[in-house]
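Dumped coords-v5.txt below, it's compact mmCIF, N, CA and C atoms and all ligand atoms:
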```txt
# COMPACT_ATOMS: atom_id res chain seq x y z
N MET A 1146 142.79 38.00 -78.61
CA MET A 1146 141.88 37.62 -79.68
C MET A 1146 140.59 37.06 -79.06
N ALA A 1147 139.45 37.44 -79.61
CA ALA A 1147 138.17 37.00 -79.05
C ALA A 1147 138.09 35.48 -79.05
N GLY A 1148 137.60 34.94 -77.95
CA GLY A 1148 137.42 33.50 -77.86
C GLY A 1148 138.57 32.78 -77.20
N ASP A 1149 139.70 33.42 -77.03
CA ASP A 1149 140.84 32.78 -76.39
C ASP A 1149 140.74 32.91 -74.87
N TRP A 1150 141.29 31.92 -74.17
CA TRP A 1150 141.42 32.02 -72.72
C TRP A 1150 142.68 32.83 -72.43
N LEU A 1151 142.51 33.89 -71.65
CA LEU A 1151 143.60 34.83 -71.42
C LEU A 1151 143.95 34.86 -69.93
N PRO A 1152 145.23 34.97 -69.60
CA PRO A 1152 145.63 34.99 -68.20
C PRO A 1152 145.11 36.23 -67.48
N ALA A 1153 144.65 36.02 -66.23
CA ALA A 1153 144.10 37.13 -65.44
C ALA A 1153 144.56 37.06 -63.99
N GLY A 1154 145.73 36.52 -63.77
CA GLY A 1154 146.30 36.54 -62.43
C GLY A 1154 146.14 35.23 -61.67
N GLU A 1155 146.46 35.31 -60.39
CA GLU A 1155 146.45 34.12 -59.55
C GLU A 1155 145.14 33.98 -58.79
N SER A 1156 144.69 32.75 -58.66
CA SER A 1156 143.45 32.47 -57.94
C SER A 1156 143.49 32.98 -56.51
N ALA A 1157 144.63 32.83 -55.86
CA ALA A 1157 144.75 33.18 -54.45
C ALA A 1157 144.55 34.67 -54.19
N ASP A 1158 144.66 35.48 -55.23
CA ASP A 1158 144.50 36.93 -55.06
C ASP A 1158 143.04 37.35 -54.93
N ILE A 1159 142.13 36.44 -55.22
CA ILE A 1159 140.70 36.79 -55.21
C ILE A 1159 140.05 36.11 -54.02
N GLU A 1160 139.84 36.87 -52.97
CA GLU A 1160 139.29 36.34 -51.73
C GLU A 1160 137.77 36.30 -51.79
N PRO A 1161 137.15 35.44 -50.99
CA PRO A 1161 135.69 35.37 -50.96
C PRO A 1161 135.07 36.73 -50.65
N ARG A 1162 134.00 37.03 -51.38
CA ARG A 1162 133.23 38.28 -51.23
C ARG A 1162 134.04 39.53 -51.57
N ARG A 1163 135.09 39.36 -52.33
CA ARG A 1163 135.91 40.50 -52.72
C ARG A 1163 136.03 40.55 -54.24
N GLY A 1164 136.38 41.72 -54.72
CA GLY A 1164 136.63 41.87 -56.14
C GLY A 1164 138.04 42.35 -56.38
N VAL A 1165 138.55 42.07 -57.55
CA VAL A 1165 139.84 42.62 -57.97
C VAL A 1165 139.69 43.14 -59.39
N ARG A 1166 140.52 44.10 -59.72
CA ARG A 1166 140.49 44.68 -61.06
C ARG A 1166 141.66 44.11 -61.85
N ARG A 1167 141.37 43.77 -63.09
CA ARG A 1167 142.42 43.28 -63.98
C ARG A 1167 142.23 43.90 -65.35
N CYS A 1168 143.32 44.05 -66.04
CA CYS A 1168 143.26 44.50 -67.42
C CYS A 1168 143.61 43.30 -68.30
N VAL A 1169 142.65 42.89 -69.10
CA VAL A 1169 142.83 41.72 -69.96
C VAL A 1169 142.70 42.17 -71.41
N GLU A 1170 143.79 42.06 -72.14
CA GLU A 1170 143.80 42.49 -73.55
C GLU A 1170 143.29 43.92 -73.69
N GLY A 1171 143.65 44.77 -72.76
CA GLY A 1171 143.27 46.17 -72.82
C GLY A 1171 141.87 46.47 -72.30
N ARG A 1172 141.17 45.46 -71.83
CA ARG A 1172 139.81 45.65 -71.32
C ARG A 1172 139.83 45.52 -69.80
N GLU A 1173 139.24 46.49 -69.12
CA GLU A 1173 139.24 46.45 -67.66
C GLU A 1173 138.06 45.63 -67.17
N VAL A 1174 138.36 44.58 -66.42
CA VAL A 1174 137.31 43.71 -65.90
C VAL A 1174 137.43 43.61 -64.38
N ALA A 1175 136.34 43.22 -63.76
CA ALA A 1175 136.30 43.01 -62.32
C ALA A 1175 136.01 41.54 -62.06
N LEU A 1176 136.89 40.90 -61.28
CA LEU A 1176 136.72 39.49 -60.94
C LEU A 1176 136.25 39.40 -59.50
N PHE A 1177 135.25 38.58 -59.26
CA PHE A 1177 134.69 38.42 -57.92
C PHE A 1177 134.65 36.95 -57.55
N ARG A 1178 134.85 36.72 -56.26
CA ARG A 1178 134.63 35.37 -55.74
C ARG A 1178 133.49 35.46 -54.72
N THR A 1179 132.47 34.65 -54.94
CA THR A 1179 131.35 34.65 -54.00
C THR A 1179 131.77 33.96 -52.70
N GLY A 1180 130.90 34.05 -51.72
CA GLY A 1180 131.16 33.38 -50.46
C GLY A 1180 131.24 31.88 -50.60
N GLU A 1181 130.64 31.35 -51.67
CA GLU A 1181 130.68 29.90 -51.93
C GLU A 1181 131.89 29.52 -52.78
N GLY A 1182 132.69 30.50 -53.17
CA GLY A 1182 133.91 30.19 -53.92
C GLY A 1182 133.79 30.30 -55.42
N GLU A 1183 132.58 30.65 -55.90
CA GLU A 1183 132.39 30.76 -57.34
C GLU A 1183 133.08 32.03 -57.85
N LEU A 1184 133.72 31.92 -59.00
CA LEU A 1184 134.39 33.06 -59.62
C LEU A 1184 133.52 33.61 -60.73
N LEU A 1185 133.33 34.94 -60.75
CA LEU A 1185 132.48 35.59 -61.75
C LEU A 1185 133.19 36.85 -62.24
N VAL A 1186 133.03 37.16 -63.53
CA VAL A 1186 133.76 38.29 -64.12
C VAL A 1186 132.81 39.16 -64.94
N VAL A 1187 132.90 40.46 -64.71
CA VAL A 1187 132.11 41.43 -65.49
C VAL A 1187 133.02 42.59 -65.86
N ASP A 1188 132.57 43.42 -66.79
CA ASP A 1188 133.29 44.66 -67.06
C ASP A 1188 133.30 45.51 -65.79
N ASN A 1189 134.40 46.21 -65.58
CA ASN A 1189 134.55 46.98 -64.34
C ASN A 1189 133.98 48.39 -64.47
N ALA A 1190 132.75 48.50 -64.93
CA ALA A 1190 132.14 49.83 -65.09
C ALA A 1190 130.64 49.72 -64.85
N CYS A 1191 130.20 50.31 -63.79
CA CYS A 1191 128.77 50.28 -63.45
C CYS A 1191 127.95 50.90 -64.59
N PRO A 1192 126.79 50.29 -64.92
CA PRO A 1192 125.97 50.84 -66.00
C PRO A 1192 125.33 52.17 -65.66
N HIS A 1193 125.38 52.57 -64.39
CA HIS A 1193 124.82 53.86 -64.01
C HIS A 1193 125.75 54.98 -64.45
N ARG A 1194 126.88 55.13 -63.79
CA ARG A 1194 127.82 56.21 -64.16
C ARG A 1194 129.26 55.72 -64.17
N GLY A 1195 129.43 54.46 -64.40
CA GLY A 1195 130.78 53.94 -64.60
C GLY A 1195 131.59 53.68 -63.36
N GLY A 1196 130.92 53.55 -62.20
CA GLY A 1196 131.64 53.27 -60.96
C GLY A 1196 132.46 51.99 -61.06
N ALA A 1197 133.54 51.95 -60.28
CA ALA A 1197 134.44 50.79 -60.29
C ALA A 1197 133.82 49.65 -59.49
N LEU A 1198 133.24 48.71 -60.19
CA LEU A 1198 132.49 47.64 -59.52
C LEU A 1198 133.37 46.77 -58.63
N PHE A 1199 134.66 46.66 -58.95
CA PHE A 1199 135.51 45.75 -58.16
C PHE A 1199 135.60 46.20 -56.70
N GLU A 1200 135.27 47.45 -56.43
CA GLU A 1200 135.32 47.96 -55.06
C GLU A 1200 134.02 47.73 -54.30
N GLY A 1201 133.04 47.13 -54.96
CA GLY A 1201 131.74 46.93 -54.33
C GLY A 1201 131.69 45.75 -53.39
N LEU A 1202 130.64 45.72 -52.59
CA LEU A 1202 130.42 44.61 -51.67
C LEU A 1202 129.68 43.49 -52.40
N VAL A 1203 130.08 42.27 -52.14
CA VAL A 1203 129.46 41.11 -52.78
C VAL A 1203 128.54 40.42 -51.78
N THR A 1204 127.29 40.25 -52.20
CA THR A 1204 126.32 39.50 -51.41
C THR A 1204 125.71 38.46 -52.33
N GLY A 1205 125.89 37.21 -51.99
CA GLY A 1205 125.42 36.16 -52.90
C GLY A 1205 126.13 36.30 -54.23
N ARG A 1206 125.34 36.43 -55.32
CA ARG A 1206 125.93 36.63 -56.65
C ARG A 1206 125.71 38.05 -57.15
N THR A 1207 125.54 38.96 -56.20
CA THR A 1207 125.29 40.36 -56.55
C THR A 1207 126.40 41.23 -55.96
N VAL A 1208 126.84 42.22 -56.76
CA VAL A 1208 127.76 43.22 -56.23
C VAL A 1208 127.00 44.55 -56.15
N VAL A 1209 127.25 45.29 -55.08
CA VAL A 1209 126.63 46.60 -54.90
C VAL A 1209 127.66 47.66 -55.26
N CYS A 1210 127.32 48.47 -56.25
CA CYS A 1210 128.25 49.51 -56.70
C CYS A 1210 128.58 50.46 -55.55
N PRO A 1211 129.87 50.78 -55.39
CA PRO A 1211 130.27 51.63 -54.26
C PRO A 1211 129.84 53.08 -54.42
N LEU A 1212 129.46 53.51 -55.60
CA LEU A 1212 129.13 54.93 -55.78
C LEU A 1212 127.70 55.28 -55.36
N HIS A 1213 126.73 54.60 -55.93
CA HIS A 1213 125.34 54.97 -55.62
C HIS A 1213 124.47 53.78 -55.26
N GLY A 1214 125.08 52.64 -55.09
CA GLY A 1214 124.35 51.51 -54.53
C GLY A 1214 123.53 50.66 -55.47
N TRP A 1215 123.71 50.79 -56.77
CA TRP A 1215 123.01 49.87 -57.67
C TRP A 1215 123.53 48.44 -57.43
N GLY A 1216 122.64 47.49 -57.53
CA GLY A 1216 123.04 46.09 -57.48
C GLY A 1216 123.23 45.57 -58.89
N ILE A 1217 124.27 44.78 -59.09
CA ILE A 1217 124.53 44.16 -60.39
C ILE A 1217 124.60 42.66 -60.18
N ASP A 1218 123.75 41.92 -60.90
CA ASP A 1218 123.78 40.47 -60.85
C ASP A 1218 125.03 40.00 -61.60
N LEU A 1219 125.94 39.35 -60.90
CA LEU A 1219 127.21 38.97 -61.52
C LEU A 1219 127.07 37.80 -62.49
N GLY A 1220 125.97 37.07 -62.39
CA GLY A 1220 125.75 35.97 -63.32
C GLY A 1220 125.28 36.47 -64.68
N SER A 1221 124.31 37.36 -64.67
CA SER A 1221 123.72 37.86 -65.92
C SER A 1221 124.32 39.18 -66.36
N GLY A 1222 124.91 39.93 -65.43
CA GLY A 1222 125.41 41.26 -65.72
C GLY A 1222 124.33 42.33 -65.63
N ARG A 1223 123.11 41.94 -65.38
CA ARG A 1223 122.01 42.91 -65.37
C ARG A 1223 121.91 43.65 -64.04
N ALA A 1224 121.50 44.90 -64.14
CA ALA A 1224 121.22 45.67 -62.94
C ALA A 1224 120.00 45.07 -62.25
N VAL A 1225 120.03 45.08 -60.95
CA VAL A 1225 118.91 44.56 -60.17
C VAL A 1225 117.76 45.58 -60.25
N PRO A 1226 116.54 45.15 -60.63
CA PRO A 1226 115.41 46.07 -60.70
C PRO A 1226 115.21 46.80 -59.37
N PRO A 1227 114.74 48.03 -59.41
CA PRO A 1227 114.13 48.70 -60.57
C PRO A 1227 115.14 49.35 -61.52
N GLU A 1228 116.43 49.21 -61.25
CA GLU A 1228 117.40 49.82 -62.16
C GLU A 1228 117.42 49.04 -63.47
N GLU A 1229 117.93 49.66 -64.50
CA GLU A 1229 117.95 49.03 -65.82
C GLU A 1229 119.35 49.07 -66.41
N GLY A 1230 119.59 48.23 -67.39
CA GLY A 1230 120.88 48.18 -68.05
C GLY A 1230 121.74 47.09 -67.43
N GLY A 1231 123.00 47.11 -67.77
CA GLY A 1231 123.88 46.08 -67.25
C GLY A 1231 125.26 46.17 -67.85
N VAL A 1232 126.06 45.17 -67.51
CA VAL A 1232 127.43 45.11 -68.01
C VAL A 1232 127.66 43.75 -68.66
N ALA A 1233 128.69 43.69 -69.49
CA ALA A 1233 129.05 42.42 -70.12
C ALA A 1233 129.62 41.47 -69.07
N THR A 1234 129.30 40.20 -69.22
CA THR A 1234 129.89 39.17 -68.37
C THR A 1234 130.90 38.38 -69.22
N HIS A 1235 131.86 37.78 -68.55
CA HIS A 1235 132.91 37.04 -69.25
C HIS A 1235 133.07 35.66 -68.63
N ALA A 1236 133.42 34.70 -69.47
CA ALA A 1236 133.67 33.34 -68.98
C ALA A 1236 134.98 33.34 -68.20
N VAL A 1237 135.03 32.51 -67.17
CA VAL A 1237 136.24 32.45 -66.35
C VAL A 1237 136.46 31.00 -65.91
N ARG A 1238 137.73 30.64 -65.76
CA ARG A 1238 138.06 29.32 -65.25
C ARG A 1238 139.36 29.42 -64.45
N GLU A 1239 139.54 28.44 -63.60
CA GLU A 1239 140.76 28.39 -62.79
C GLU A 1239 141.47 27.08 -63.08
N HIS A 1240 142.78 27.17 -63.21
CA HIS A 1240 143.57 25.97 -63.51
C HIS A 1240 144.93 26.10 -62.85
N GLU A 1241 145.22 25.16 -61.95
CA GLU A 1241 146.52 25.13 -61.28
C GLU A 1241 146.88 26.47 -60.66
N GLY A 1242 145.90 27.07 -59.98
CA GLY A 1242 146.16 28.30 -59.25
C GLY A 1242 146.14 29.57 -60.08
N GLN A 1243 145.84 29.42 -61.36
CA GLN A 1243 145.79 30.60 -62.25
C GLN A 1243 144.37 30.83 -62.75
N VAL A 1244 144.04 32.09 -62.92
CA VAL A 1244 142.73 32.47 -63.45
C VAL A 1244 142.87 32.79 -64.92
N GLU A 1245 141.90 32.32 -65.70
CA GLU A 1245 141.87 32.65 -67.13
C GLU A 1245 140.48 33.16 -67.47
N VAL A 1246 140.44 34.16 -68.33
CA VAL A 1246 139.19 34.80 -68.72
C VAL A 1246 139.04 34.71 -70.24
N ARG A 1247 137.83 34.46 -70.66
CA ARG A 1247 137.52 34.53 -72.10
C ARG A 1247 136.56 35.70 -72.29
N LEU A 1248 137.03 36.72 -72.95
CA LEU A 1248 136.28 37.96 -73.08
C LEU A 1248 135.07 37.78 -74.00
N ALA A 1249 133.96 38.40 -73.55
CA ALA A 1249 132.77 38.45 -74.40
C ALA A 1249 132.94 39.59 -75.39
N LYS A 1250 132.10 39.60 -76.38
CA LYS A 1250 132.11 40.76 -77.27
C LYS A 1250 131.63 41.96 -76.46
N SER A 1251 131.94 43.13 -76.92
CA SER A 1251 131.62 44.34 -76.17
C SER A 1251 130.12 44.61 -76.20
N VAL A 1252 129.49 44.48 -75.03
CA VAL A 1252 128.06 44.73 -74.90
C VAL A 1252 127.86 45.59 -73.67
N LYS A 1253 127.35 46.78 -73.85
CA LYS A 1253 127.11 47.65 -72.70
C LYS A 1253 125.84 47.25 -71.96
N ASN A 1254 124.85 46.85 -72.69
CA ASN A 1254 123.58 46.49 -72.07
C ASN A 1254 123.22 45.06 -72.49
N PRO A 1255 123.38 44.09 -71.58
CA PRO A 1255 123.16 42.70 -71.96
C PRO A 1255 121.73 42.42 -72.42
N THR A 1256 120.79 43.30 -72.07
CA THR A 1256 119.41 43.06 -72.49
C THR A 1256 119.25 43.29 -73.99
N GLU A 1257 120.23 44.01 -74.60
CA GLU A 1257 120.11 44.32 -76.02
C GLU A 1257 120.52 43.17 -76.92
N GLU A 1258 121.22 42.20 -76.40
CA GLU A 1258 121.67 41.11 -77.26
C GLU A 1258 120.70 39.94 -77.29
N ARG A 1259 119.63 40.04 -76.53
CA ARG A 1259 118.68 38.93 -76.50
C ARG A 1259 117.50 39.20 -77.41
S1 LIG A 1301 127.92 54.58 -60.69
FE1 LIG A 1301 127.21 52.71 -59.88
S2 LIG A 1301 125.40 53.18 -58.86
FE2 LIG A 1301 126.05 55.06 -59.72
```
Mind turning this structure into structure tokens?
Amino acid sequence: MAGDWLPAGESADIEPRRGVRRCVEGREVALFRTGEGELLVVDNACPHRGGALFEGLVTGRTVVCPLHGWGIDLGSGRAVPPEEGGVATHAVREHEGQVEVRLAKSVKNPTEER
């Protein structure tokens, strides 16, 4: 149900600068941990052609799509210019070694909701 915190696995499974794929309430998301330990979650589909973002390299708060190299800002979900578009971002928290995600409403292009 929208707005609920939903289980998304164990914290220890998400290593720094890596992504993992999870299915939360039927929605495929990509969870990333930055080198500083921050956890960020976006839909697991690149706005270009749907590449699996969880397989991308993380630099700072940006993931680079493994297919054609678009950068996606994991904080805003927006593609790094000059590319356009973006993915939905989701709230995430960690508690006692478990990750929980609160799904956003379905937004393919975050620039459209502003
Ligand atoms: S599918 Fe991600 S850059 Fe093309």
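Residue-level DSSP output for segment 1146-1217 of chain A, from the backbone, shows helix (DSSP H, G or I) at Ser1156, Ala1157, Asp1158, Leu1198, Phe1199 and Glu1200 of chain A.
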Throw together the list of residues within 6.5 Å of ligand LIG 1301 (chain A), counting all atoms listed in the file, and drop it here as number ranges by chain.
A: 1191-1197, 1210-1216
Residue set, chain A restricted to strand (DSSP E), as a JSON list (two decimals) with N, CA and C atoms, keeping the file's coordinate frame:
```json
[["chain", "number", "residue", "atom", "x", "y", "z"],
["A", 1151, "LEU", "N", 142.51, 33.89, -71.65],
["A", 1151, "LEU", "CA", 143.60, 34.83, -71.42],
["A", 1151, "LEU", "C", 143.95, 34.86, -69.93],
["A", 1152, "PRO", "N", 145.23, 34.97, -69.60],
["A", 1152, "PRO", "CA", 145.63, 34.99, -68.20],
["A", 1152, "PRO", "C", 145.11, 36.23, -67.48],
["A", 1153, "ALA", "N", 144.65, 36.02, -66.23],
["A", 1153, "ALA", "CA", 144.10, 37.13, -65.44],
["A", 1153, "ALA", "C", 144.56, 37.06, -63.99],
["A", 1154, "GLY", "N", 145.73, 36.52, -63.77],
["A", 1154, "GLY", "CA", 146.30, 36.54, -62.43],
["A", 1154, "GLY", "C", 146.14, 35.23, -61.67],
["A", 1155, "GLU", "N", 146.46, 35.31, -60.39],
["A", 1155, "GLU", "CA", 146.45, 34.12, -59.55],
["A", 1155, "GLU", "C", 145.14, 33.98, -58.79],
["A", 1163, "ARG", "N", 135.09, 39.36, -52.33],
["A", 1163, "ARG", "CA", 135.91, 40.50, -52.72],
["A", 1163, "ARG", "C", 136.03, 40.55, -54.24],
["A", 1164, "GLY", "N", 136.38, 41.72, -54.72],
["A", 1164, "GLY", "CA", 136.63, 41.87, -56.14],
["A", 1164, "GLY", "C", 138.04, 42.35, -56.38],
["A", 1165, "VAL", "N", 138.55, 42.07, -57.55],
["A", 1165, "VAL", "CA", 139.84, 42.62, -57.97],
["A", 1165, "VAL", "C", 139.69, 43.14, -59.39],
["A", 1166, "ARG", "N", 140.52, 44.10, -59.72],
["A", 1166, "ARG", "CA", 140.49, 44.68, -61.06],
["A", 1166, "ARG", "C", 141.66, 44.11, -61.85],
["A", 1167, "ARG", "N", 141.37, 43.77, -63.09],
["A", 1167, "ARG", "CA", 142.42, 43.28, -63.98],
["A", 1167, "ARG", "C", 142.23, 43.90, -65.35],
["A", 1168, "CYS", "N", 143.32, 44.05, -66.04],
["A", 1168, "CYS", "CA", 143.26, 44.50, -67.42],
["A", 1168, "CYS", "C", 143.61, 43.30, -68.30],
["A", 1169, "VAL", "N", 142.65, 42.89, -69.10],
["A", 1169, "VAL", "CA", 142.83, 41.72, -69.96],
["A", 1169, "VAL", "C", 142.70, 42.17, -71.41],
["A", 1172, "ARG", "N", 141.17, 45.46, -71.83],
["A", 1172, "ARG", "CA", 139.81, 45.65, -71.32],
["A", 1172, "ARG", "C", 139.83, 45.52, -69.80],
["A", 1173, "GLU", "N", 139.24, 46.49, -69.12],
["A", 1173, "GLU", "CA", 139.24, 46.45, -67.66],
["A", 1173, "GLU", "C", 138.06, 45.63, -67.17],
["A", 1174, "VAL", "N", 138.36, 44.58, -66.42],
["A", 1174, "VAL", "CA", 137.31, 43.71, -65.90],
["A", 1174, "VAL", "C", 137.43, 43.61, -64.38],
["A", 1175, "ALA", "N", 136.34, 43.22, -63.76],
["A", 1175, "ALA", "CA", 136.30, 43.01, -62.32],
["A", 1175, "ALA", "C", 136.01, 41.54, -62.06],
["A", 1176, "LEU", "N", 136.89, 40.90, -61.28],
["A", 1176, "LEU", "CA", 136.72, 39.49, -60.94],
["A", 1176, "LEU", "C", 136.25, 39.40, -59.50],
["A", 1177, "PHE", "N", 135.25, 38.58, -59.26],
["A", 1177, "PHE", "CA", 134.69, 38.42, -57.92],
["A", 1177, "PHE", "C", 134.65, 36.95, -57.55],
["A", 1178, "ARG", "N", 134.85, 36.72, -56.26],
["A", 1178, "ARG", "CA", 134.63, 35.37, -55.74],
["A", 1178, "ARG", "C", 133.49, 35.46, -54.72],
["A", 1184, "LEU", "N", 133.72, 31.92, -59.00],
["A", 1184, "LEU", "CA", 134.39, 33.06, -59.62],
["A", 1184, "LEU", "C", 133.52, 33.61, -60.73],
["A", 1185, "LEU", "N", 133.33, 34.94, -60.75],
["A", 1185, "LEU", "CA", 132.48, 35.59, -61.75],
["A", 1185, "LEU", "C", 133.19, 36.85, -62.24],
["A", 1186, "VAL", "N", 133.03, 37.16, -63.53],
["A", 1186, "VAL", "CA", 133.76, 38.29, -64.12],
["A", 1186, "VAL", "C", 132.81, 39.16, -64.94],
["A", 1187, "VAL", "N", 132.90, 40.46, -64.71],
["A", 1187, "VAL", "CA", 132.11, 41.43, -65.49],
["A", 1187, "VAL", "C", 133.02, 42.59, -65.86],
["A", 1188, "ASP", "N", 132.57, 43.42, -66.79],
["A", 1188, "ASP", "CA", 133.29, 44.66, -67.06],
["A", 1188, "ASP", "C", 133.30, 45.51, -65.79],
["A", 1202, "LEU", "N", 130.64, 45.72, -52.59],
["A", 1202, "LEU", "CA", 130.42, 44.61, -51.67],
["A", 1202, "LEU", "C", 129.68, 43.49, -52.40],
["A", 1203, "VAL", "N", 130.08, 42.27, -52.14],
["A", 1203, "VAL", "CA", 129.46, 41.11, -52.78],
["A", 1203, "VAL", "C", 128.54, 40.42, -51.78],
["A", 1204, "THR", "N", 127.29, 40.25, -52.20],
["A", 1204, "THR", "CA", 126.32, 39.50, -51.41],
["A", 1204, "THR", "C", 125.71, 38.46, -52.33],
["A", 1207, "THR", "N", 125.54, 38.96, -56.20],
["A", 1207, "THR", "CA", 125.29, 40.36, -56.55],
["A", 1207, "THR", "C", 126.40, 41.23, -55.96],
["A", 1208, "VAL", "N", 126.84, 42.22, -56.76],
["A", 1208, "VAL", "CA", 127.76, 43.22, -56.23],
["A", 1208, "VAL", "C", 127.00, 44.55, -56.15],
["A", 1209, "VAL", "N", 127.25, 45.29, -55.08],
["A", 1209, "VAL", "CA", 126.63, 46.60, -54.90],
["A", 1209, "VAL", "C", 127.66, 47.66, -55.26],
["A", 1216, "GLY", "N", 122.64, 47.49, -57.53],
["A", 1216, "GLY", "CA", 123.04, 46.09, -57.48],
["A", 1216, "GLY", "C", 123.23, 45.57, -58.89],
["A", 1217, "ILE", "N", 124.27, 44.78, -59.09],
["A", 1217, "ILE", "CA", 124.53, 44.16, -60.39],
["A", 1217, "ILE", "C", 124.60, 42.66, -60.18],
["A", 1218, "ASP", "N", 123.75, 41.92, -60.90],
["A", 1218, "ASP", "CA", 123.78, 40.47, -60.85],
["A", 1218, "ASP", "C", 125.03, 40.00, -61.60],
["A", 1234, "THR", "N", 129.30, 40.20, -69.22],
["A", 1234, "THR", "CA", 129.89, 39.17, -68.37],
["A", 1234, "THR", "C", 130.90, 38.38, -69.22],
["A", 1235, "HIS", "N", 131.86, 37.78, -68.55],
["A", 1235, "HIS", "CA", 132.91, 37.04, -69.25],
["A", 1235, "HIS", "C", 133.07, 35.66, -68.63],
["A", 1236, "ALA", "N", 133.42, 34.70, -69.47],
["A", 1236, "ALA", "CA", 133.67, 33.34, -68.98],
["A", 1236, "ALA", "C", 134.98, 33.34, -68.20],
["A", 1237, "VAL", "N", 135.03, 32.51, -67.17],
["A", 1237, "VAL", "CA", 136.24, 32.45, -66.35],
["A", 1237, "VAL", "C", 136.46, 31.00, -65.91],
["A", 1238, "ARG", "N", 137.73, 30.64, -65.76],
["A", 1238, "ARG", "CA", 138.06, 29.32, -65.25],
["A", 1238, "ARG", "C", 139.36, 29.42, -64.45],
["A", 1239, "GLU", "N", 139.54, 28.44, -63.60],
["A", 1239, "GLU", "CA", 140.76, 28.39, -62.79],
["A", 1239, "GLU", "C", 141.47, 27.08, -63.08],
["A", 1240, "HIS", "N", 142.78, 27.17, -63.21],
["A", 1240, "HIS", "CA", 143.57, 25.97, -63.51],
["A", 1240, "HIS", "C", 144.93, 26.10, -62.85],
["A", 1243, "GLN", "N", 145.84, 29.42, -61.36],
["A", 1243, "GLN", "CA", 145.79, 30.60, -62.25],
["A", 1243, "GLN", "C", 144.37, 30.83, -62.75],
["A", 1244, "VAL", "N", 144.04, 32.09, -62.92],
["A", 1244, "VAL", "CA", 142.73, 32.47, -63.45],
["A", 1244, "VAL", "C", 142.87, 32.79, -64.92],
["A", 1245, "GLU", "N", 141.90, 32.32, -65.70],
["A", 1245, "GLU", "CA", 141.87, 32.65, -67.13],
["A", 1245, "GLU", "C", 140.48, 33.16, -67.47],
["A", 1246, "VAL", "N", 140.44, 34.16, -68.33],
["A", 1246, "VAL", "CA", 139.19, 34.80, -68.72],
["A", 1246, "VAL", "C", 139.04, 34.71, -70.24],
["A", 1247, "ARG", "N", 137.83, 34.46, -70.66],
["A", 1247, "ARG", "CA", 137.52, 34.53, -72.10],
["A", 1247, "ARG", "C", 136.56, 35.70, -72.29]]
```
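Distances from A:Ala1175, A:Asp1149, A:Glu1160, A:Gly1231 to Phe1199 of chain A were compared using all atoms listed in the file, and the smallest one belongs to A:Ala1175.
Comparing A:Glu1239, A:Arg1163, A:Gly1222, A:Ala1233 by their smallest distance to Leu1202 of chain A, the closest is A:Arg1163 (using all atoms listed in the file).
In this model, the gap between atom CA of Arg1238 of chain A and atom CA of Val1187 of chain A comes to 13.5 Å.
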What lies within 6.5 Å of Glu1155 of chain A using only N, CA and C atoms, ignoring chain neighbours under 3 positions off, as a ChimeraX atom specification?
/A:1158-1159,1242-1244
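Between Ser1156 of chain A and the residues A:Cys1168, A:Leu1198, A:Ala1249, A:Val1237, the shortest atom-to-atom distance, using only C-alpha atoms, involves A:Val1237.
As for atom C of Val1232 of chain A and atom C of Asp1188 of chain A, they are spaced 6.6 Å apart.
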Using atom CA of Ala1157 of chain A and atom CA of Lys1250 of chain A as the two end points, give the distance in Å to one decimal.
27.2 Å
